[in-house]
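> entry23.cif is the file, holding mmCIF, C-alpha atoms and all ligand atoms:
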data_upload
loop_
_atom_site.label_atom_id
_atom_site.label_comp_id
_atom_site.auth_asym_id
_atom_site.auth_seq_id
_atom_site.Cartn_x
_atom_site.Cartn_y
_atom_site.Cartn_z
CA MET H 1 105.70 105.27 -19.43
CA THR H 2 107.29 102.29 -17.78
CA ALA H 3 106.39 101.92 -14.14
CA SER H 4 109.03 100.61 -11.78
CA PRO H 5 108.94 97.89 -10.60
CA SER H 6 107.38 96.50 -13.77
CA PRO H 7 103.68 95.67 -13.51
CA ARG H 8 104.19 93.02 -16.16
CA ARG H 9 105.03 89.39 -15.48
CA PRO H 10 107.85 88.40 -17.82
CA ILE H 11 107.32 85.62 -20.33
CA VAL H 12 109.91 83.36 -21.94
CA GLY H 13 108.96 81.34 -25.00
CA GLY H 14 110.90 78.47 -26.52
CA ASN H 15 110.32 78.40 -30.26
CA TRP H 16 111.61 75.02 -31.37
CA LYS H 17 110.91 75.80 -35.02
CA MET H 18 111.06 72.69 -37.28
CA ASN H 19 113.29 70.63 -34.99
CA LEU H 20 113.24 67.38 -32.98
CA GLY H 21 111.68 64.02 -33.62
CA ARG H 22 108.94 62.75 -31.36
CA ALA H 23 111.11 60.87 -28.86
CA GLU H 24 113.50 63.82 -28.50
CA ALA H 25 110.60 66.23 -28.18
CA ARG H 26 108.95 64.18 -25.44
CA ALA H 27 112.25 63.86 -23.57
CA LEU H 28 112.87 67.61 -23.74
CA ILE H 29 109.34 68.39 -22.59
CA LEU H 30 109.70 66.10 -19.59
CA THR H 31 113.08 67.58 -18.66
CA LEU H 32 111.68 71.10 -18.89
CA ARG H 33 108.75 70.12 -16.73
CA GLN H 34 111.10 68.77 -14.08
CA ARG H 35 113.24 71.88 -14.10
CA LEU H 36 110.75 74.66 -14.67
CA ASP H 37 107.45 73.61 -13.14
CA GLY H 38 106.58 76.05 -10.37
CA LEU H 39 109.28 78.58 -11.28
CA ASP H 40 108.07 81.83 -9.78
CA GLY H 41 108.12 85.21 -11.46
CA VAL H 42 108.00 84.16 -15.12
CA ASP H 43 105.59 82.53 -17.54
CA VAL H 44 107.30 79.77 -19.50
CA VAL H 45 105.89 78.71 -22.87
CA VAL H 46 107.14 75.78 -24.91
CA CYS H 47 106.34 75.92 -28.64
CA PRO H 48 107.07 72.55 -30.30
CA PRO H 49 106.23 71.66 -33.90
CA ALA H 50 102.51 71.04 -34.48
CA PRO H 51 102.63 67.20 -34.46
CA TRP H 52 104.08 67.25 -30.92
CA LEU H 53 101.61 69.72 -29.44
CA THR H 54 99.39 66.95 -28.11
CA ASP H 55 102.39 65.30 -26.44
CA ALA H 56 103.34 68.65 -24.92
CA PHE H 57 99.79 69.24 -23.74
CA ASP H 58 99.60 65.79 -22.12
CA LEU H 59 103.08 65.79 -20.61
CA LEU H 60 102.79 69.33 -19.22
CA SER H 61 99.26 69.04 -17.94
CA GLY H 62 99.02 70.06 -14.29
CA SER H 63 102.34 71.93 -14.47
CA SER H 64 102.97 75.66 -14.72
CA VAL H 65 104.72 75.30 -18.09
CA HIS H 66 102.48 76.51 -20.92
CA VAL H 67 102.16 75.16 -24.45
CA GLY H 68 102.30 77.37 -27.55
CA ALA H 69 101.90 76.70 -31.26
CA GLN H 70 104.20 78.21 -33.85
CA ASN H 71 101.55 79.24 -36.37
CA THR H 72 97.86 79.04 -37.20
CA HIS H 73 95.75 79.35 -40.31
CA TRP H 74 93.48 82.40 -40.52
CA GLU H 75 90.29 80.46 -41.18
CA PRO H 76 88.66 78.43 -38.40
CA SER H 77 88.02 75.46 -40.71
CA GLY H 78 87.67 74.57 -44.37
CA ALA H 79 89.36 73.25 -47.48
CA PHE H 80 92.96 74.15 -46.61
CA THR H 81 94.97 70.98 -47.06
CA GLY H 82 97.77 70.61 -44.57
CA GLU H 83 96.84 73.63 -42.48
CA VAL H 84 95.94 73.74 -38.79
CA SER H 85 93.31 76.12 -37.44
CA ALA H 86 93.16 78.14 -34.24
CA PRO H 87 90.12 76.28 -32.84
CA MET H 88 92.03 73.01 -33.32
CA LEU H 89 95.11 74.42 -31.62
CA SER H 90 93.08 75.75 -28.73
CA GLY H 91 92.46 72.16 -27.63
CA VAL H 92 96.17 71.60 -27.00
CA ALA H 93 97.84 75.03 -26.78
CA GLU H 94 97.35 78.26 -24.88
CA TYR H 95 99.61 80.54 -26.94
CA VAL H 96 100.34 80.87 -30.63
CA ILE H 97 103.15 82.71 -32.40
CA VAL H 98 101.83 84.91 -35.21
CA GLY H 99 103.80 86.83 -37.83
CA HIS H 100 107.20 85.24 -37.19
CA SER H 101 109.71 86.62 -39.69
CA GLU H 102 110.44 83.11 -40.95
CA ARG H 103 106.81 82.98 -42.04
CA ARG H 104 106.85 86.52 -43.40
CA TRP H 105 109.84 85.48 -45.57
CA ALA H 106 107.77 82.54 -46.76
CA GLY H 107 105.22 85.04 -48.05
CA GLU H 108 102.91 85.78 -45.13
CA THR H 109 101.50 89.28 -45.55
CA GLY H 110 100.52 91.85 -42.96
CA ALA H 111 96.87 91.29 -43.86
CA GLU H 112 97.24 87.56 -43.21
CA THR H 113 98.92 88.23 -39.88
CA ASN H 114 95.93 90.41 -38.99
CA ARG H 115 93.50 87.62 -39.84
CA LYS H 116 95.55 85.08 -37.89
CA LEU H 117 95.52 87.34 -34.84
CA ARG H 118 91.75 87.64 -35.07
CA THR H 119 91.11 83.94 -35.48
CA ALA H 120 93.57 83.10 -32.68
CA LEU H 121 91.86 85.51 -30.28
CA ALA H 122 88.41 84.27 -31.30
CA ALA H 123 89.53 80.74 -30.45
CA GLY H 124 90.75 81.86 -27.03
CA LEU H 125 94.45 81.56 -27.85
CA LYS H 126 96.97 84.11 -26.57
CA PRO H 127 98.88 85.41 -29.58
CA ILE H 128 102.58 86.22 -29.52
CA LEU H 129 102.90 88.74 -32.34
CA ALA H 130 106.42 88.88 -33.76
CA VAL H 131 107.72 92.02 -35.46
CA GLY H 132 111.18 93.06 -36.56
CA GLU H 133 113.21 94.75 -39.24
CA ARG H 134 115.66 93.21 -41.67
CA LEU H 135 119.33 94.13 -41.82
CA GLN H 136 118.99 96.32 -44.91
CA GLU H 137 116.03 98.12 -43.36
CA SER H 138 118.00 98.73 -40.18
CA ARG H 139 120.99 100.01 -42.15
CA ALA H 140 118.75 102.29 -44.18
CA GLY H 141 117.37 103.86 -40.98
CA ARG H 142 113.94 102.39 -41.67
CA THR H 143 113.49 100.39 -38.46
CA GLU H 144 110.84 102.66 -37.01
CA SER H 145 108.75 102.78 -40.17
CA VAL H 146 108.98 99.00 -40.65
CA LEU H 147 107.91 98.31 -37.06
CA HIS H 148 105.13 100.87 -37.37
CA LEU H 149 103.83 99.21 -40.51
CA GLN H 150 104.02 95.69 -39.05
CA VAL H 151 102.29 96.69 -35.81
CA ASN H 152 99.58 98.64 -37.58
CA GLN H 153 98.92 96.01 -40.23
CA ALA H 154 98.71 93.26 -37.63
CA LEU H 155 96.33 95.29 -35.45
CA ARG H 156 94.32 96.88 -38.25
CA GLY H 157 90.69 97.31 -37.22
CA PHE H 158 91.36 96.63 -33.53
CA THR H 159 89.76 99.27 -31.32
CA GLU H 160 91.24 97.85 -28.12
CA LEU H 161 94.52 96.20 -27.35
CA PRO H 162 93.66 92.54 -26.59
CA PRO H 163 94.70 91.95 -22.96
CA SER H 164 96.20 88.55 -23.75
CA LEU H 165 98.38 89.81 -26.61
CA VAL H 166 102.16 89.46 -26.24
CA LEU H 167 104.58 91.11 -28.66
CA ALA H 168 108.01 89.86 -29.60
CA TYR H 169 110.54 92.27 -31.05
CA GLU H 170 112.81 90.07 -33.15
CA PRO H 171 115.23 91.90 -35.43
CA VAL H 172 115.60 89.58 -38.41
CA TRP H 173 119.37 90.12 -38.52
CA ALA H 174 119.70 88.74 -34.98
CA ILE H 175 117.72 85.53 -35.52
CA GLY H 176 119.87 82.42 -35.65
CA THR H 177 122.99 84.46 -36.41
CA GLY H 178 124.65 84.72 -33.01
CA GLU H 179 124.54 88.51 -33.58
CA ALA H 180 122.23 89.37 -30.72
CA ALA H 181 121.05 92.97 -30.54
CA ASP H 182 122.78 95.19 -28.03
CA PRO H 183 120.51 95.27 -24.95
CA ASP H 184 120.27 99.07 -25.13
CA VAL H 185 119.21 98.89 -28.77
CA ALA H 186 116.68 96.14 -27.98
CA GLN H 187 115.33 98.26 -25.12
CA GLN H 188 115.00 101.29 -27.37
CA ARG H 189 113.13 99.26 -30.01
CA CYS H 190 110.82 97.62 -27.49
CA ALA H 191 110.07 101.05 -26.02
CA MET H 192 109.40 102.26 -29.55
CA VAL H 193 106.88 99.46 -30.10
CA ARG H 194 105.27 100.23 -26.74
CA GLY H 195 105.04 103.87 -27.80
CA MET H 196 103.26 102.85 -31.01
CA LEU H 197 100.76 100.84 -28.98
CA ALA H 198 100.29 103.81 -26.64
CA GLU H 199 99.48 106.05 -29.61
CA ARG H 200 96.88 103.62 -30.87
CA PHE H 201 95.39 102.28 -27.65
CA GLY H 202 96.44 104.64 -24.88
CA VAL H 203 99.31 104.75 -22.43
CA LEU H 204 97.59 102.59 -19.83
CA ALA H 205 96.88 99.71 -22.19
CA ALA H 206 100.38 99.90 -23.66
CA ALA H 207 101.93 99.81 -20.19
CA THR H 208 100.36 96.42 -19.53
CA VAL H 209 101.40 94.62 -22.73
CA ARG H 210 104.36 92.28 -22.51
CA ILE H 211 107.09 92.73 -25.12
CA GLN H 212 109.75 90.07 -25.51
CA TYR H 213 113.10 90.37 -27.19
CA GLY H 214 114.09 87.59 -29.59
CA GLY H 215 117.26 86.94 -31.58
CA SER H 216 120.26 84.82 -30.51
CA VAL H 217 119.29 84.88 -26.83
CA THR H 218 121.58 82.71 -24.69
CA PRO H 219 122.18 82.12 -20.98
CA THR H 220 125.16 84.47 -21.33
CA ASN H 221 123.34 87.48 -22.74
CA ILE H 222 119.86 87.13 -21.22
CA ALA H 223 120.61 89.20 -18.12
CA GLY H 224 121.28 92.25 -20.28
CA TYR H 225 117.78 92.05 -21.78
CA ALA H 226 116.00 91.05 -18.59
CA ALA H 227 117.31 94.18 -16.86
CA GLN H 228 115.69 96.53 -19.41
CA PRO H 229 112.52 98.33 -18.36
CA ASP H 230 110.56 97.69 -21.57
CA ILE H 231 111.72 94.11 -22.21
CA ASP H 232 109.47 91.54 -20.57
CA GLY H 233 111.26 88.29 -21.32
CA ALA H 234 112.48 86.57 -24.44
CA LEU H 235 111.44 84.48 -27.41
CA VAL H 236 114.21 81.92 -27.73
CA GLY H 237 115.00 79.81 -30.80
CA GLY H 238 118.18 77.73 -30.89
CA ALA H 239 118.88 77.83 -27.16
CA SER H 240 115.38 76.53 -26.39
CA LEU H 241 116.40 73.11 -27.75
CA ASP H 242 118.99 72.76 -24.99
CA PRO H 243 117.34 72.12 -21.62
CA GLU H 244 120.30 73.52 -19.68
CA ALA H 245 120.35 76.71 -21.70
CA PHE H 246 116.59 77.23 -21.74
CA THR H 247 116.33 76.58 -18.01
CA ALA H 248 119.13 79.05 -17.32
CA ILE H 249 117.39 81.69 -19.46
CA CYS H 250 114.06 81.20 -17.69
CA ARG H 251 115.71 81.34 -14.28
CA ALA H 252 117.66 84.48 -15.15
CA VAL H 253 114.47 86.24 -16.24
CA ALA H 254 112.65 85.10 -13.09
CA ALA H 255 115.54 86.27 -10.91
CA GLU H 256 115.59 89.69 -12.54
CA GLY H 257 111.85 90.07 -12.03
CA SER H 258 112.13 89.35 -8.33
CA ARG H 259 114.89 91.91 -7.70
P1 LIG H 301 117.30 82.27 -32.25
O1 LIG H 301 117.20 82.37 -30.74
O2 LIG H 301 117.75 80.94 -32.74
O3 LIG H 301 118.09 83.42 -32.81
O4 LIG H 301 115.80 82.42 -32.81
C1 LIG H 301 115.00 83.46 -32.36
C2 LIG H 301 113.62 83.26 -32.87
O5 LIG H 301 113.38 83.31 -34.05
C3 LIG H 301 112.57 82.98 -31.88
O6 LIG H 301 111.31 83.06 -32.44
#
Please express the file's structure as C-alpha cells.


Amino acid sequence: MTASPSPRRPIVGGNWKMNLGRAEARALILTLRQRLDGLDGVDVVVCPPAPWLTDAFDLLSGSSVHVGAQNTHWEPSGAFTGEVSAPMLSGVAEYVIVGHSERRWAGETGAETNRKLRTALAAGLKPILAVGERLQESRAGRTESVLHLQVNQALRGFTELPPSLVLAYEPVWAIGTGEAADPDVAQQRCAMVRGMLAERFGVLAAATVRIQYGGSVTPTNIAGYAAQPDIDGALVGGASLDPEAFTAICRAVAAEGSR
C-alpha cells in the first residue's frame, strides 16, 4: 500500500505537555525559529501549553514553523469553566492534538475524542489524533483490537477521511519511559493503523494520511523510525523541550525524506 518514495510529507510535532514558564517558552520558541525556519522536507509543529499559544503564534508568524494546541473542548463555546474551544484555538494555532493517552487516562472517552475531532475540523484546525495501547494490552495480545476501537470511535460517523488529519501512534508504555518501541514494531503498528483506515475509507485515502510515531523519541533513535515506510515523522514529548534535541530530530526526519 505504501508507495515509494513516500507521497507524504513527514511531520514532527513537539508536545511540550505541562512544562515551561512564559520566559522559557518564549526563549525556546525563538531558538526553534532560528534553527528550523525554512527547513525543507518536513512540517514542524510546536505545541506549547495553552497560555503560551499566543506567544508562539506571534513569535513564529512569518516562519515555516507551525503552532499546535495540546487539547480542545468539544463544544465551540458555552458554560465550560476553564476550557478552551477549537474556534478560540484556531486564532492562534493550526494543529491540535486530540485523544492523547494522558488525556484518555484522565477520563477522556472515545466519544469525546470523536466530538473533539469534529469541532476541531469545523474550526479549521488540523487534528493530530493520538492512539496507542497500554502495556497490559500489548502483553495480552490486544494491541490490534485496542487500536481498532480507538480509531473507529474517534472517526465514528465520518464518511470520508479528513485530508488534514494526522495520526500519531503512541504506545502508552513508550511514553516518557525511555523504552521506545522497536522501529520494526512501530512500523508494523503504523501499517496496521493505515490498514484500518484503508478498510474504512479506501486504500487511496489511507495512503495519503500521515502517521507519526511517538514515545521516547530522541536524536539517537529517530533515524530508525524515519526510515520506515509507514512512519511519517514523530510526536516528541520530553526531547521537544531541548532545542538541540528537537532540532536534531527534525533535521534527521527531513534528511530521511530527501534521500
Ligand atoms: P515522550 O517523547 O516524552 O515519550 O512523550 C511522547 C508523547 O507523549 C508525545 O505526545

> Kindly provide, as a VMD selection string, all nucleotide and amino acid residues lying within 9 Å of ligand LIG 301 (chain H), counting all atoms listed in the file.

chain H and resid 13 to 17 70 97 100 to 102 130 168 170 to 180 213 to 218 234 to 240

> Residues at most 12 Å from H:Ala206, counting all atoms listed in the file, excluding those fewer than 2 positions away in the same chain, as a ChimeraX atom specification?

/H:1-3,7-8,160-163,165-167,190-204,208-211,230

> Nearest to H:Thr31: which of H:Gly257, H:Arg115, H:Val46, H:Tyr225 is it, counting only C-alpha atoms?

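Smallest separation from H:Thr31 among the options: H:Val46.
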
> Name the residues within 10 Å of (111.3, 67.8, -22.0), counting all atoms listed in the file in the file's coordinates, and put them as a list in words.

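Every residue inside that radius is included here: Ala23, Glu24, Ala25, Arg26, Ala27, Leu28, Ile29, Leu30, Thr31, Leu32, Arg33, Gln34, Arg35, Val46, Ala56, Leu59, Leu60, Leu241, Asp242 and Pro243 of chain H.
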
> Choose the residue, out of H:Val98, H:Ala123, H:Gly62, H:Ala227, that has the smallest atom-to-atom separation from H:Ser258; count all atoms listed in the file.

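Using all atoms listed in the file, the shortest distance to H:Ser258 belongs to H:Ala227.
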
> Enter the distance from atom CA of H:Leu129 to atom CA of H:Gly157, in Å, rounded to one decimal.

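Atom-to-atom, atom CA of H:Leu129 to atom CA of H:Gly157, that is 15.7 Å.
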
> What is the atom CA of H:Trp52 to atom CA of H:His73 distance in Å?

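A separation of 17.4 Å between them.
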
> When you draw a straight line from atom CA of H:Gly41 to atom CA of H:Thr72, how long is it in Å?

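It comes out at 28.4 Å.
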
> Quick one: residues within 8 Å of stretch 118-122 of chain H, all atoms listed in the file counted, chain neighbours fewer than 2 positions away excluded, as a PDB file with C-alpha atoms, in the coordinates of the input?


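Final file, result.pdb:
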ATOM      1  CA  THR H  72      97.860  79.040 -37.200  1.00  0.00           C
ATOM      2  CA  TRP H  74      93.480  82.400 -40.520  1.00  0.00           C
ATOM      3  CA  GLU H  75      90.290  80.460 -41.180  1.00  0.00           C
ATOM      4  CA  PRO H  76      88.660  78.430 -38.400  1.00  0.00           C
ATOM      5  CA  ALA H  86      93.160  78.140 -34.240  1.00  0.00           C
ATOM      6  CA  PRO H  87      90.120  76.280 -32.840  1.00  0.00           C
ATOM      7  CA  VAL H  96     100.340  80.870 -30.630  1.00  0.00           C
ATOM      8  CA  ASN H 114      95.930  90.410 -38.990  1.00  0.00           C
ATOM      9  CA  ARG H 115      93.500  87.620 -39.840  1.00  0.00           C
ATOM     10  CA  LYS H 116      95.550  85.080 -37.890  1.00  0.00           C
ATOM     11  CA  GLY H 124      90.750  81.860 -27.030  1.00  0.00           C
ATOM     12  CA  LEU H 125      94.450  81.560 -27.850  1.00  0.00           C
ATOM     13  CA  LYS H 126      96.970  84.110 -26.570  1.00  0.00           C
ATOM     14  CA  PRO H 127      98.880  85.410 -29.580  1.00  0.00           C
TER      15      PRO H 127
END
